[in-house]
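S.K.: Below is upload-v2.cif; it holds mmCIF, C-alpha atoms.
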data_input
#
loop_
_atom_site.label_atom_id
_atom_site.label_comp_id
_atom_site.auth_asym_id
_atom_site.auth_seq_id
_atom_site.Cartn_x
_atom_site.Cartn_y
_atom_site.Cartn_z
CA MET A 9 86.66 155.44 34.24
CA ASP A 10 83.79 156.53 36.50
CA LEU A 11 82.85 155.02 39.87
CA ASN A 12 80.30 152.59 38.44
CA GLU A 13 82.79 151.25 35.90
CA LEU A 14 85.45 150.89 38.59
CA SER A 15 82.99 149.10 40.85
CA ALA A 16 82.15 146.69 38.05
CA TRP A 17 85.77 145.50 38.21
CA ILE A 18 86.49 145.72 41.93
CA ALA A 19 83.33 144.12 43.36
CA PRO A 20 83.68 140.82 41.44
CA ALA A 21 87.37 140.64 42.36
CA LEU A 22 86.54 141.10 46.04
CA LEU A 23 83.79 138.47 45.87
CA LEU A 24 86.11 136.03 44.12
CA MET A 25 88.68 136.45 46.89
CA ALA A 26 85.95 136.05 49.50
CA LEU A 27 84.77 132.80 47.93
CA ALA A 28 88.37 131.60 47.87
CA GLY A 29 88.48 132.41 51.57
CA CYS A 30 85.40 130.25 52.15
CA VAL A 31 87.08 127.32 50.41
CA TYR A 32 90.17 128.00 52.49
CA ALA A 33 88.16 127.84 55.74
CA LEU A 34 86.51 124.54 54.77
CA LEU A 35 89.84 123.00 53.77
CA ALA A 36 91.45 124.24 56.97
CA ALA A 37 88.66 122.66 59.05
CA ALA A 38 89.30 119.29 57.41
CA LEU A 39 93.07 119.53 57.92
CA VAL A 40 92.71 120.60 61.57
CA GLY A 41 90.75 117.43 62.28
CA ARG A 42 93.36 115.28 60.56
CA PHE A 43 96.21 117.00 62.43
CA ALA A 44 94.60 116.62 65.86
CA ALA A 45 93.78 112.94 65.21
CA GLN A 46 97.44 111.95 64.76
CA ALA A 47 98.72 109.37 67.21
CA PRO A 48 101.13 111.04 69.65
CA THR A 49 104.83 110.26 69.43
CA VAL A 50 105.90 108.48 72.61
CA LEU A 51 109.12 107.24 74.17
CA ALA A 52 109.38 103.61 75.18
CA ALA A 53 108.66 103.08 78.86
CA ASP A 54 112.20 101.81 79.48
CA ALA A 55 113.94 104.38 77.26
CA PRO A 56 116.29 106.79 79.08
CA ARG A 57 114.98 110.31 79.57
CA PRO A 58 117.64 112.95 78.90
CA GLY A 59 118.01 115.85 81.28
CA VAL A 60 116.05 118.97 80.26
CA THR A 61 116.76 122.63 80.90
CA ILE A 62 113.73 124.90 80.51
CA LEU A 63 114.54 128.57 79.84
CA LYS A 64 112.02 131.15 81.01
CA PRO A 65 112.87 134.79 80.19
CA LEU A 66 110.72 137.06 82.37
CA CYS A 67 109.74 140.72 82.18
CA GLY A 68 107.21 142.13 84.61
CA LEU A 69 104.36 140.70 86.64
CA GLU A 70 102.10 139.33 83.90
CA PRO A 71 98.60 138.09 84.74
CA ASP A 72 98.60 134.40 85.77
CA LEU A 73 102.42 134.39 85.76
CA PHE A 74 102.72 132.08 88.76
CA GLU A 75 100.14 129.62 87.40
CA ASN A 76 101.77 129.57 83.94
CA LEU A 77 105.28 129.00 85.29
CA ASP A 78 104.02 126.50 87.85
CA SER A 79 102.61 124.30 85.07
CA PHE A 80 106.16 123.85 83.73
CA CYS A 81 107.33 122.85 87.21
CA ARG A 82 104.69 120.11 87.52
CA GLN A 83 105.79 117.77 84.75
CA ASP A 84 105.36 114.00 84.73
CA TYR A 85 108.85 113.47 83.35
CA ALA A 86 111.25 110.83 84.65
CA GLY A 87 114.49 112.59 83.70
CA PRO A 88 116.26 115.47 85.47
CA VAL A 89 114.61 118.87 84.98
CA GLN A 90 116.10 122.31 85.53
CA VAL A 91 114.22 125.59 85.09
CA VAL A 92 116.24 128.77 84.53
CA PHE A 93 114.50 132.12 85.01
CA GLY A 94 116.05 135.24 83.53
CA ILE A 95 115.32 138.82 84.64
CA GLN A 96 117.01 141.99 83.41
CA ASN A 97 115.94 144.36 86.17
CA ALA A 98 116.77 143.67 89.82
CA ALA A 99 113.56 145.47 90.84
CA ASP A 100 111.35 143.37 88.53
CA PRO A 101 108.29 142.14 90.48
CA ALA A 102 108.63 138.77 88.71
CA LEU A 103 111.34 138.04 91.27
CA SER A 104 108.67 137.47 93.91
CA VAL A 105 107.00 134.88 91.66
CA VAL A 106 110.27 132.97 91.29
CA GLN A 107 110.60 132.93 95.08
CA ARG A 108 107.07 131.53 95.41
CA LEU A 109 107.93 128.80 92.91
CA ARG A 110 111.04 127.88 94.88
CA GLU A 111 108.94 127.54 98.00
CA ALA A 112 106.35 125.43 96.15
CA HIS A 113 108.95 123.13 94.53
CA PRO A 114 111.86 122.75 96.96
CA ARG A 115 113.15 119.58 95.25
CA LEU A 116 113.18 121.00 91.73
CA ARG A 117 116.27 122.80 90.48
CA LEU A 118 115.15 126.38 89.86
CA ASP A 119 117.94 128.79 88.88
CA LEU A 120 117.66 132.57 88.60
CA VAL A 121 119.84 134.93 86.56
CA VAL A 122 119.48 138.67 87.13
CA ASP A 123 121.53 140.46 84.47
CA ALA A 124 120.91 143.84 82.84
CA SER A 125 123.46 143.32 80.04
CA GLN A 126 122.18 144.12 76.54
CA HIS A 127 123.79 142.38 73.58
CA GLY A 128 121.58 143.65 70.76
CA SER A 129 118.26 145.27 70.02
CA ASN A 130 116.17 142.20 70.90
CA ARG A 131 115.81 142.36 74.70
CA LYS A 132 114.35 138.88 75.04
CA VAL A 133 117.35 137.37 73.23
CA SER A 134 119.72 139.42 75.39
CA ASN A 135 118.01 137.87 78.39
CA LEU A 136 118.50 134.39 76.90
CA ILE A 137 122.18 135.08 76.23
CA ASN A 138 122.60 136.03 79.88
CA MET A 139 120.76 132.88 81.00
CA SER A 140 122.56 130.43 78.70
CA GLU A 141 125.58 129.95 80.97
CA LYS A 142 123.29 128.22 83.45
CA ILE A 143 122.20 125.48 81.02
CA ALA A 144 123.00 122.15 82.71
CA HIS A 145 121.35 119.48 80.55
CA ASP A 146 121.47 117.98 77.06
CA VAL A 147 117.99 119.14 75.97
CA VAL A 148 117.09 122.83 75.99
CA VAL A 149 113.45 123.98 75.92
CA LEU A 150 112.71 127.67 75.46
CA ALA A 151 109.13 128.70 76.27
CA ASP A 152 107.54 132.12 76.68
CA SER A 153 106.34 133.14 80.13
CA ASP A 154 102.67 133.46 79.10
CA MET A 155 102.33 129.77 78.19
CA SER A 156 100.70 127.03 80.28
CA VAL A 157 101.08 123.30 79.70
CA LYS A 158 99.73 119.93 80.79
CA PRO A 159 101.81 117.49 82.87
CA ASP A 160 102.72 115.36 79.81
CA TYR A 161 104.16 118.34 77.90
CA LEU A 162 107.88 117.58 78.42
CA GLU A 163 107.40 113.88 77.73
CA ARG A 164 105.75 114.64 74.37
CA VAL A 165 108.23 117.33 73.37
CA VAL A 166 111.26 115.15 74.17
CA ALA A 167 109.64 112.23 72.32
CA ALA A 168 109.21 114.40 69.23
CA LEU A 169 112.79 115.65 69.47
CA SER A 170 114.09 112.07 69.67
CA GLN A 171 112.70 111.15 66.26
CA PRO A 172 115.06 110.65 63.29
CA ASN A 173 115.97 113.80 61.34
CA VAL A 174 114.39 116.15 63.91
CA THR A 175 116.64 119.01 65.03
CA GLY A 176 113.96 121.08 66.74
CA VAL A 177 110.43 120.97 68.12
CA THR A 178 107.87 123.76 68.35
CA CYS A 179 104.24 123.78 69.52
CA LEU A 180 100.96 125.28 68.41
CA TYR A 181 99.07 127.18 71.06
CA HIS A 182 95.47 128.16 71.80
CA GLY A 183 94.13 131.27 73.47
CA VAL A 184 93.22 131.35 77.17
CA PRO A 185 91.13 134.51 77.78
CA GLY A 186 90.22 133.70 81.38
CA ASP A 187 87.69 136.18 82.73
CA ARG A 188 89.47 139.27 81.36
CA GLY A 189 86.65 140.50 79.15
CA VAL A 190 85.86 141.07 75.49
CA CYS A 191 89.35 142.12 74.35
CA ALA A 192 90.87 138.95 75.76
CA GLN A 193 88.17 136.91 74.02
CA LEU A 194 88.95 138.68 70.75
CA ALA A 195 92.64 137.86 71.22
CA ALA A 196 91.82 134.18 71.84
CA LEU A 197 89.67 134.08 68.69
CA ALA A 198 92.55 135.46 66.62
CA ILE A 199 94.78 132.65 67.86
CA ASP A 200 92.29 129.80 67.63
CA VAL A 201 90.40 130.64 64.44
CA GLN A 202 93.13 132.40 62.44
CA PHE A 203 96.59 131.45 63.66
CA VAL A 204 96.07 127.72 64.32
CA PRO A 205 94.33 126.78 61.04
CA ASN A 206 96.68 128.98 59.01
CA VAL A 207 99.70 127.16 60.44
CA ILE A 208 98.22 123.69 59.94
CA LEU A 209 97.23 124.43 56.35
CA GLY A 210 100.55 126.15 55.59
CA THR A 211 102.67 123.31 56.94
CA THR A 212 100.51 120.65 55.26
CA PHE A 213 101.22 122.13 51.83
CA ASP A 214 104.79 123.17 52.67
CA LEU A 215 103.87 126.84 52.39
CA ALA A 216 105.16 127.75 55.84
CA ARG A 217 108.20 126.87 57.97
CA PRO A 218 107.13 128.06 61.43
CA CYS A 219 108.84 128.08 64.80
CA PHE A 220 107.11 129.68 67.78
CA GLY A 221 108.15 131.13 71.10
CA SER A 222 105.51 128.92 72.72
CA THR A 223 108.11 126.16 72.56
CA ILE A 224 111.48 125.76 70.90
CA ALA A 225 113.19 122.51 71.91
CA MET A 226 116.65 121.49 70.74
CA THR A 227 119.75 119.79 72.03
CA ALA A 228 122.41 121.90 73.71
CA GLU A 229 124.78 120.66 71.00
CA SER A 230 122.49 122.01 68.26
CA LEU A 231 122.19 125.34 70.07
CA ALA A 232 125.98 125.64 70.12
CA ARG A 233 126.26 124.71 66.43
CA ILE A 234 123.85 127.44 65.33
CA GLY A 235 125.89 130.06 67.20
CA GLY A 236 123.95 130.15 70.45
CA PHE A 237 121.37 132.83 71.15
CA ARG A 238 123.88 135.54 70.31
CA ALA A 239 123.34 134.84 66.60
CA PHE A 240 119.77 136.22 66.92
CA LYS A 241 120.36 139.29 69.09
CA ASP A 242 118.95 141.79 66.55
CA ASP A 243 116.12 139.73 64.99
CA LEU A 244 112.50 140.73 65.46
CA ALA A 245 111.37 137.20 64.49
CA ASP A 246 113.96 135.47 66.68
CA ASP A 247 111.77 132.35 67.00
CA TYR A 248 111.52 131.97 63.24
CA ALA A 249 115.25 132.63 62.81
CA ILE A 250 116.14 129.95 65.37
CA GLY A 251 113.89 127.49 63.53
CA GLU A 252 115.56 128.26 60.20
CA ALA A 253 118.99 127.79 61.76
CA LEU A 254 117.94 124.40 63.18
CA ARG A 255 116.64 123.32 59.77
CA ALA A 256 119.94 124.39 58.23
CA GLU A 257 121.55 121.71 60.40
CA GLY A 258 119.95 119.19 58.02
CA GLY A 259 116.83 118.28 59.98
CA THR A 260 113.25 119.39 60.48
CA VAL A 261 111.36 121.30 63.16
CA ALA A 262 108.58 118.97 64.31
CA ILE A 263 105.14 120.14 65.50
CA PRO A 264 103.45 117.59 67.80
CA ALA A 265 99.68 117.17 67.51
CA LEU A 266 98.79 119.24 70.58
CA THR A 267 98.26 122.83 71.57
CA ILE A 268 99.43 124.56 74.75
CA GLY A 269 97.76 127.51 76.44
CA HIS A 270 98.60 131.14 75.71
CA ALA A 271 97.32 133.66 78.26
CA CYS A 272 95.41 136.44 76.49
CA VAL A 273 95.92 139.38 78.83
CA ASP A 274 94.81 142.44 76.85
CA THR A 275 91.91 144.22 78.51
CA GLU A 276 91.94 147.30 76.28
CA LEU A 277 91.58 147.56 72.52
CA SER A 278 94.73 149.70 72.20
CA GLY A 279 96.92 146.98 73.73
CA LEU A 280 95.32 144.29 71.59
CA TRP A 281 95.88 146.41 68.48
CA ARG A 282 99.59 146.95 69.25
CA HIS A 283 100.26 143.29 69.96
CA GLU A 284 98.54 142.11 66.80
CA LEU A 285 100.22 144.79 64.71
CA ARG A 286 103.62 143.57 65.94
CA TRP A 287 102.69 139.97 65.09
CA ASN A 288 101.45 140.97 61.64
CA ARG A 289 104.54 143.01 60.84
CA THR A 290 106.72 140.15 62.03
CA ILE A 291 104.96 137.74 59.65
CA ARG A 292 105.10 140.31 56.85
CA ASN A 293 108.89 140.55 57.23
CA VAL A 294 109.37 136.78 57.43
CA ASP A 295 107.21 135.92 54.40
CA PRO A 296 106.07 139.05 52.50
CA LYS A 297 104.54 137.20 49.52
CA GLY A 298 102.69 134.68 51.66
CA TYR A 299 101.49 137.43 53.97
CA ALA A 300 100.10 139.47 51.08
CA GLY A 301 98.43 136.36 49.68
CA SER A 302 96.73 135.72 53.02
CA VAL A 303 94.30 138.53 52.18
CA VAL A 304 91.93 135.79 50.94
CA THR A 305 91.57 134.51 54.52
CA HIS A 306 89.65 137.70 55.32
CA ALA A 307 86.57 136.49 53.45
CA PHE A 308 83.88 138.22 55.53
CA PRO A 309 85.34 141.77 55.33
CA LEU A 310 86.10 141.34 51.63
CA ALA A 311 82.50 140.38 50.92
CA LEU A 312 81.21 143.33 52.96
CA LEU A 313 83.46 145.69 50.96
CA ALA A 314 82.02 144.26 47.77
CA ALA A 315 78.49 144.80 49.11
CA LEU A 316 79.27 148.51 49.57
CA MET A 317 80.12 148.91 45.90
CA PRO A 318 77.45 150.56 43.70
CA GLY A 319 75.26 147.98 42.02
CA ALA A 320 76.71 145.07 43.99
CA GLY A 321 73.28 143.59 44.67
CA SER A 322 72.22 141.03 47.25
CA GLY A 323 74.72 138.44 46.02
CA ALA A 324 77.54 140.15 47.91
CA LEU A 325 75.59 139.97 51.17
CA ALA A 326 74.94 136.28 50.53
CA VAL A 327 78.69 135.69 50.12
CA ALA A 328 79.30 137.61 53.37
CA ALA A 329 76.80 135.35 55.16
CA LEU A 330 78.48 132.28 53.67
CA ALA A 331 81.89 133.53 54.79
CA LEU A 332 80.66 134.06 58.34
CA ALA A 333 79.07 130.60 58.41
CA CYS A 334 82.37 129.07 57.27
CA ARG A 335 84.22 130.91 60.05
CA ILE A 336 81.77 129.62 62.68
CA GLY A 337 82.12 126.09 61.28
CA LEU A 338 85.92 126.35 61.43
CA CYS A 339 85.74 127.63 65.01
CA LEU A 340 83.53 124.70 66.06
CA ARG A 341 85.88 122.23 64.39
CA ILE A 342 88.93 123.61 66.19
CA GLU A 343 87.17 123.58 69.56
CA ARG A 344 86.21 119.93 69.17
CA ALA A 345 89.55 118.82 67.71
CA PHE A 346 91.62 120.25 70.58
CA GLY A 347 89.08 120.09 73.40
CA LEU A 348 88.80 123.88 73.79
CA SER A 349 86.06 125.78 75.58
CA PRO A 350 83.38 127.33 73.32
CA HIS A 351 84.00 130.86 72.11
CA ALA A 352 81.57 133.76 72.00
CA TYR A 353 80.53 133.26 68.38
CA TRP A 354 78.84 136.66 68.18
CA LEU A 355 82.34 138.18 68.36
CA LEU A 356 83.46 136.49 65.12
CA PRO A 357 82.32 139.26 62.72
CA ILE A 358 83.93 141.89 64.98
CA ARG A 359 87.07 139.75 65.16
CA ASP A 360 87.22 139.41 61.37
CA MET A 361 86.78 143.14 60.75
CA LEU A 362 89.43 144.05 63.33
CA SER A 363 91.86 141.53 61.82
CA PHE A 364 91.33 142.89 58.32
CA ILE A 365 91.93 146.49 59.41
CA ASN A 366 95.07 145.48 61.30
CA PHE A 367 96.27 143.43 58.32
CA THR A 368 95.81 146.44 56.03
CA TRP A 369 97.50 148.87 58.43
CA SER A 370 100.51 146.56 58.82
CA PHE A 371 101.66 147.61 55.33
CA VAL A 372 101.83 151.30 56.29
CA SER A 373 105.09 151.30 58.30
CA GLY A 374 107.54 149.08 60.14
CA ALA A 375 107.09 150.59 63.62
CA VAL A 376 106.39 148.17 66.48
CA THR A 377 106.02 148.42 70.26
CA TRP A 378 107.41 145.51 72.28
CA LYS A 379 107.40 145.27 76.09
CA GLY A 380 107.06 149.05 76.32
CA HIS A 381 109.93 149.81 73.89
CA ASP A 382 109.55 151.32 70.41
CA TYR A 383 111.38 149.90 67.39
CA ARG A 384 111.56 150.23 63.64
CA VAL A 385 111.80 147.05 61.54
CA VAL A 386 114.15 147.27 58.56
CA ALA A 387 113.94 145.26 55.37
CA ASP A 388 115.98 142.28 56.60
CA GLY A 389 113.73 141.85 59.66
CA THR A 390 116.12 143.27 62.25
CA LEU A 391 115.05 145.66 64.99
CA ILE A 392 116.31 149.23 65.27
CA PRO A 393 115.49 150.81 68.66
CA GLU A 394 114.01 154.29 68.39
CA HIS A 395 115.93 155.67 71.37
CA GLY A 396 119.00 153.45 71.61
CA LEU A 397 119.90 150.74 74.07
CA GLY A 398 121.87 150.92 77.27
CA ARG A 399 124.66 148.39 77.80
CA GLU A 400 124.78 147.82 81.52
CA SER A 401 126.82 144.85 82.70
CA ARG A 402 125.54 144.09 86.17
CA ALA A 403 124.92 140.39 86.61
CA THR A 404 123.77 138.21 89.46
CA SER A 405 123.11 134.46 89.43
CA VAL A 406 121.29 132.83 92.30
#
Take the structure in the file and write it out as structure tokens.
M.R.:
Amino acid sequence: MDLNELSAWIAPALLLMALAGCVYALLAAALVGRFAAQAPTVLAADAPRPGVTILKPLCGLEPDLFENLDSFCRQDYAGPVQVVFGIQNAADPALSVVQRLREAHPRLRLDLVVDASQHGSNRKVSNLINMSEKIAHDVVVLADSDMSVKPDYLERVVAALSQPNVTGVTCLYHGVPGDRGVCAQLAALAIDVQFVPNVILGTTFDLARPCFGSTIAMTAESLARIGGFRAFKDDLADDYAIGEALRAEGGTVAIPALTIGHACVDTELSGLWRHELRWNRTIRNVDPKGYAGSVVTHAFPLALLAALMPGAGSGALAVAALALACRIGLCLRIERAFGLSPHAYWLLPIRDMLSFINFTWSFVSGAVTWKGHDYRVVADGTLIPEHGLGRESRATSV
């Protein structure tokens, strides 16, 4: 079979997938609007508010760290609130941020655990294990350090957790690029125009069972029943694994109709590439068939590939233009549904090409870089450190 004959088969297949991606984008836009329009779950004004412990594992002085953590300290919530910060290195500059928060919120219970103990290959989970002895309340909320929330966040999360048959709550998130340049804007586009609609469409049709580090809320009793954080000490997708364990308790993991902010801090393409490669390989390990099938969501690059085939004609370019128009329409719909700031739409074709290349490369190997440490991901989704882990046991609680 010569090149022209091969192209006669490949180009139509690529265009068919691209058209399927256009339909996908239009359907996702409709479902995003329906999701965002849901009436929020609320607690009765006179209902008791259970005490909440917020767990914040920290590692390094991230951009906007104080502002992100401060948003969790400024909650309009009538019940008792405790925030536990966990640090694994006594010289970590995040310690100074915790001190600033204590000065800014003298009446709020802010606990700090400094403990270098490692319990498995997942360093974040080791940090959580070290922090867990400080949990003082009935509701536990785990949230990554790069998230920012509105003052009604805890009220809405606790309300969702209080619903019948709910054993956990997680939250969608949107990108917050700040003024950090083009790479941060590209990162925000990946979250807002790819991640958010994919999750909403996947959960609508029961094709996905997500749980995100943006928020995982559960009762302390449920956390104990699933084996505590120690049960997830070697998992790359620890968030997903916790969600599956909570569902195994006989309930669901609810997703309230809101998004919280995720700080997009990459200022160089290499950092953005590594982060997105880790995310893609995590998803690939969690749901390999669904991940492979998501190739149709890359409609614009698929149509451009078809246009490069011999004899493809102008039809392929027309499909590429249609795909790009659908992406812009989806982006506009998401911005309006969640009240987000407008994106730089000229970056969308660059964003789509970068995503497609990263998606393709994610099948090459299982190597990931996480917080400066290199790992291999084995078939069951667990992490194998490339250079081993120390097992220091110095601990300080203050």
S.K.: Spell out the residues picked by the PyMOL selection byres ((chain A and resi 39-47) around 7) here, as JSON, numbers by chain.
M.R.: {"A": [35, 36, 37, 38, 48, 49, 205, 208, 209, 265, 266, 342, 345, 346]}
S.K.: Determine the residue set returned by the PyMOL selection byres ((chain A and resi 94) around 7) for the present structure, and present it as a list in words.
M.R.: Lys64, Pro65, Leu66, Val92, Phe93, Ile95, Gln96, Leu120, Val121, Val122, Asn135 and Met139 of chain A
S.K.: Counting all atoms listed in the file, which residues in region 247-359 of chain A sit no more than 10 Å from region 69-81 of chain A? For each one, give the nearest pair of atoms and the distance in Å, sorted by chain then residue number, as a tab-separated table.
M.R.:
residue	atom	partner	partner_atom	distance
A:Gly269	CA	A:Asn76	CA	8.8
A:His270	CA	A:Asn76	CA	9.0
A:Ala271	CA	A:Asp72	CA	7.7
A:Cys272	CA	A:Pro71	CA	9.0
A:Val273	CA	A:Pro71	CA	6.6
A:Asp274	CA	A:Pro71	CA	9.8
S.K.: Applied to the shown file, which residues does the PyMOL selection byres ((chain A and resi 213-228) around 8) return, written as an mmCIF file with C-alpha atoms, in the coordinates of the input?
M.R.:
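Written file, part.cif:
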data_model
loop_
_atom_site.group_PDB
_atom_site.id
_atom_site.type_symbol
_atom_site.label_atom_id
_atom_site.label_comp_id
_atom_site.auth_asym_id
_atom_site.auth_seq_id
_atom_site.Cartn_x
_atom_site.Cartn_y
_atom_site.Cartn_z
ATOM 1 C CA HIS A 145 121.350 119.480 80.550
ATOM 2 C CA ASP A 146 121.470 117.980 77.060
ATOM 3 C CA VAL A 147 117.990 119.140 75.970
ATOM 4 C CA VAL A 148 117.090 122.830 75.990
ATOM 5 C CA VAL A 149 113.450 123.980 75.920
ATOM 6 C CA LEU A 150 112.710 127.670 75.460
ATOM 7 C CA ALA A 151 109.130 128.700 76.270
ATOM 8 C CA ASP A 152 107.540 132.120 76.680
ATOM 9 C CA MET A 155 102.330 129.770 78.190
ATOM 10 C CA VAL A 165 108.230 117.330 73.370
ATOM 11 C CA VAL A 166 111.260 115.150 74.170
ATOM 12 C CA LEU A 169 112.790 115.650 69.470
ATOM 13 C CA THR A 175 116.640 119.010 65.030
ATOM 14 C CA GLY A 176 113.960 121.080 66.740
ATOM 15 C CA VAL A 177 110.430 120.970 68.120
ATOM 16 C CA THR A 178 107.870 123.760 68.350
ATOM 17 C CA CYS A 179 104.240 123.780 69.520
ATOM 18 C CA LEU A 180 100.960 125.280 68.410
ATOM 19 C CA TYR A 181 99.070 127.180 71.060
ATOM 20 C CA VAL A 207 99.700 127.160 60.440
ATOM 21 C CA LEU A 209 97.230 124.430 56.350
ATOM 22 C CA GLY A 210 100.550 126.150 55.590
ATOM 23 C CA THR A 211 102.670 123.310 56.940
ATOM 24 C CA THR A 212 100.510 120.650 55.260
ATOM 25 C CA GLU A 229 124.780 120.660 71.000
ATOM 26 C CA SER A 230 122.490 122.010 68.260
ATOM 27 C CA LEU A 231 122.190 125.340 70.070
ATOM 28 C CA ALA A 232 125.980 125.640 70.120
ATOM 29 C CA ASP A 247 111.770 132.350 67.000
ATOM 30 C CA TYR A 248 111.520 131.970 63.240
ATOM 31 C CA ILE A 250 116.140 129.950 65.370
ATOM 32 C CA GLY A 251 113.890 127.490 63.530
ATOM 33 C CA GLU A 252 115.560 128.260 60.200
ATOM 34 C CA VAL A 261 111.360 121.300 63.160
ATOM 35 C CA ILE A 268 99.430 124.560 74.750
ATOM 36 C CA HIS A 270 98.600 131.140 75.710
ATOM 37 C CA GLY A 298 102.690 134.680 51.660
#
S.K.: For Val327 (chain A), work out the shell of residues within 9 Å, counting all atoms listed in the file and skipping chain neighbours fewer than 5 positions away, then give it as a PyMOL selection string.
M.R.: chain A and resi 23+26-27+30+307-308+311-312+322+332
S.K.: Any idea what the distance is between CA of Val89 (chain A) and CA of Ala102 (chain A)?
M.R.: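 Distance reported for this atom pair: 21.1 Å.
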S.K.: A:Glu276, A:Tyr32, A:Arg117, A:Ala168: which is nearest Gly189 (chain A), counting all atoms listed in the file?
M.R.: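 Closest to Gly189 (chain A) of all the choices is A:Glu276.
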S.K.: At a cut-off of 7 Å, using only C-alpha atoms, what residues contact Ile199 (chain A)? Leave out same-chain residues fewer than 5 positions from it and give the result as a list in words.
M.R.: His182, Gly183 and Val204 of chain A
S.K.: Could you give me, as a PyMOL selection string, the residues within 10 Å of Arg82 (chain A), counting only C-alpha atoms and dropping anything in the same chain fewer than 6 positions from it?
M.R.: chain A and resi 113+116+157-162
S.K.: As an exercise, work out the distance from CA of Leu34 (chain A) to CA of Ala320 (chain A) in Å and give it to one decimal place.
M.R.: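 Those two atoms sit 25.2 Å apart.
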S.K.: Give the answer as one residue: which of A:Tyr299, A:Trp17, A:Tyr85, A:Phe371 has the shortest atom-to-atom distance to Ala53 (chain A), using all atoms listed in the file?
M.R.: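 That would be A:Tyr85, the residue with the smallest distance to Ala53 (chain A).
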S.K.: Just the number, please: distance in Å from CA of Asn130 (chain A) to CA of Leu244 (chain A), one decimal.
M.R.: 6.7 Å
S.K.: Find, counting all atoms listed in the file, the residue in A:Ser349, A:Asn97, A:Thr368, A:Ser140 that gets nearest to Ala196 (chain A).
M.R.: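 That would be A:Ser349, the residue with the smallest distance to Ala196 (chain A).
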S.K.: Could you tell me which of A:Ala333, A:Thr267, A:Phe367, A:Leu103 comes closest to Ala300 (chain A) if we count all atoms listed in the file?
M.R.: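 Of the candidates, the smallest distance to Ala300 (chain A) is held by A:Phe367.
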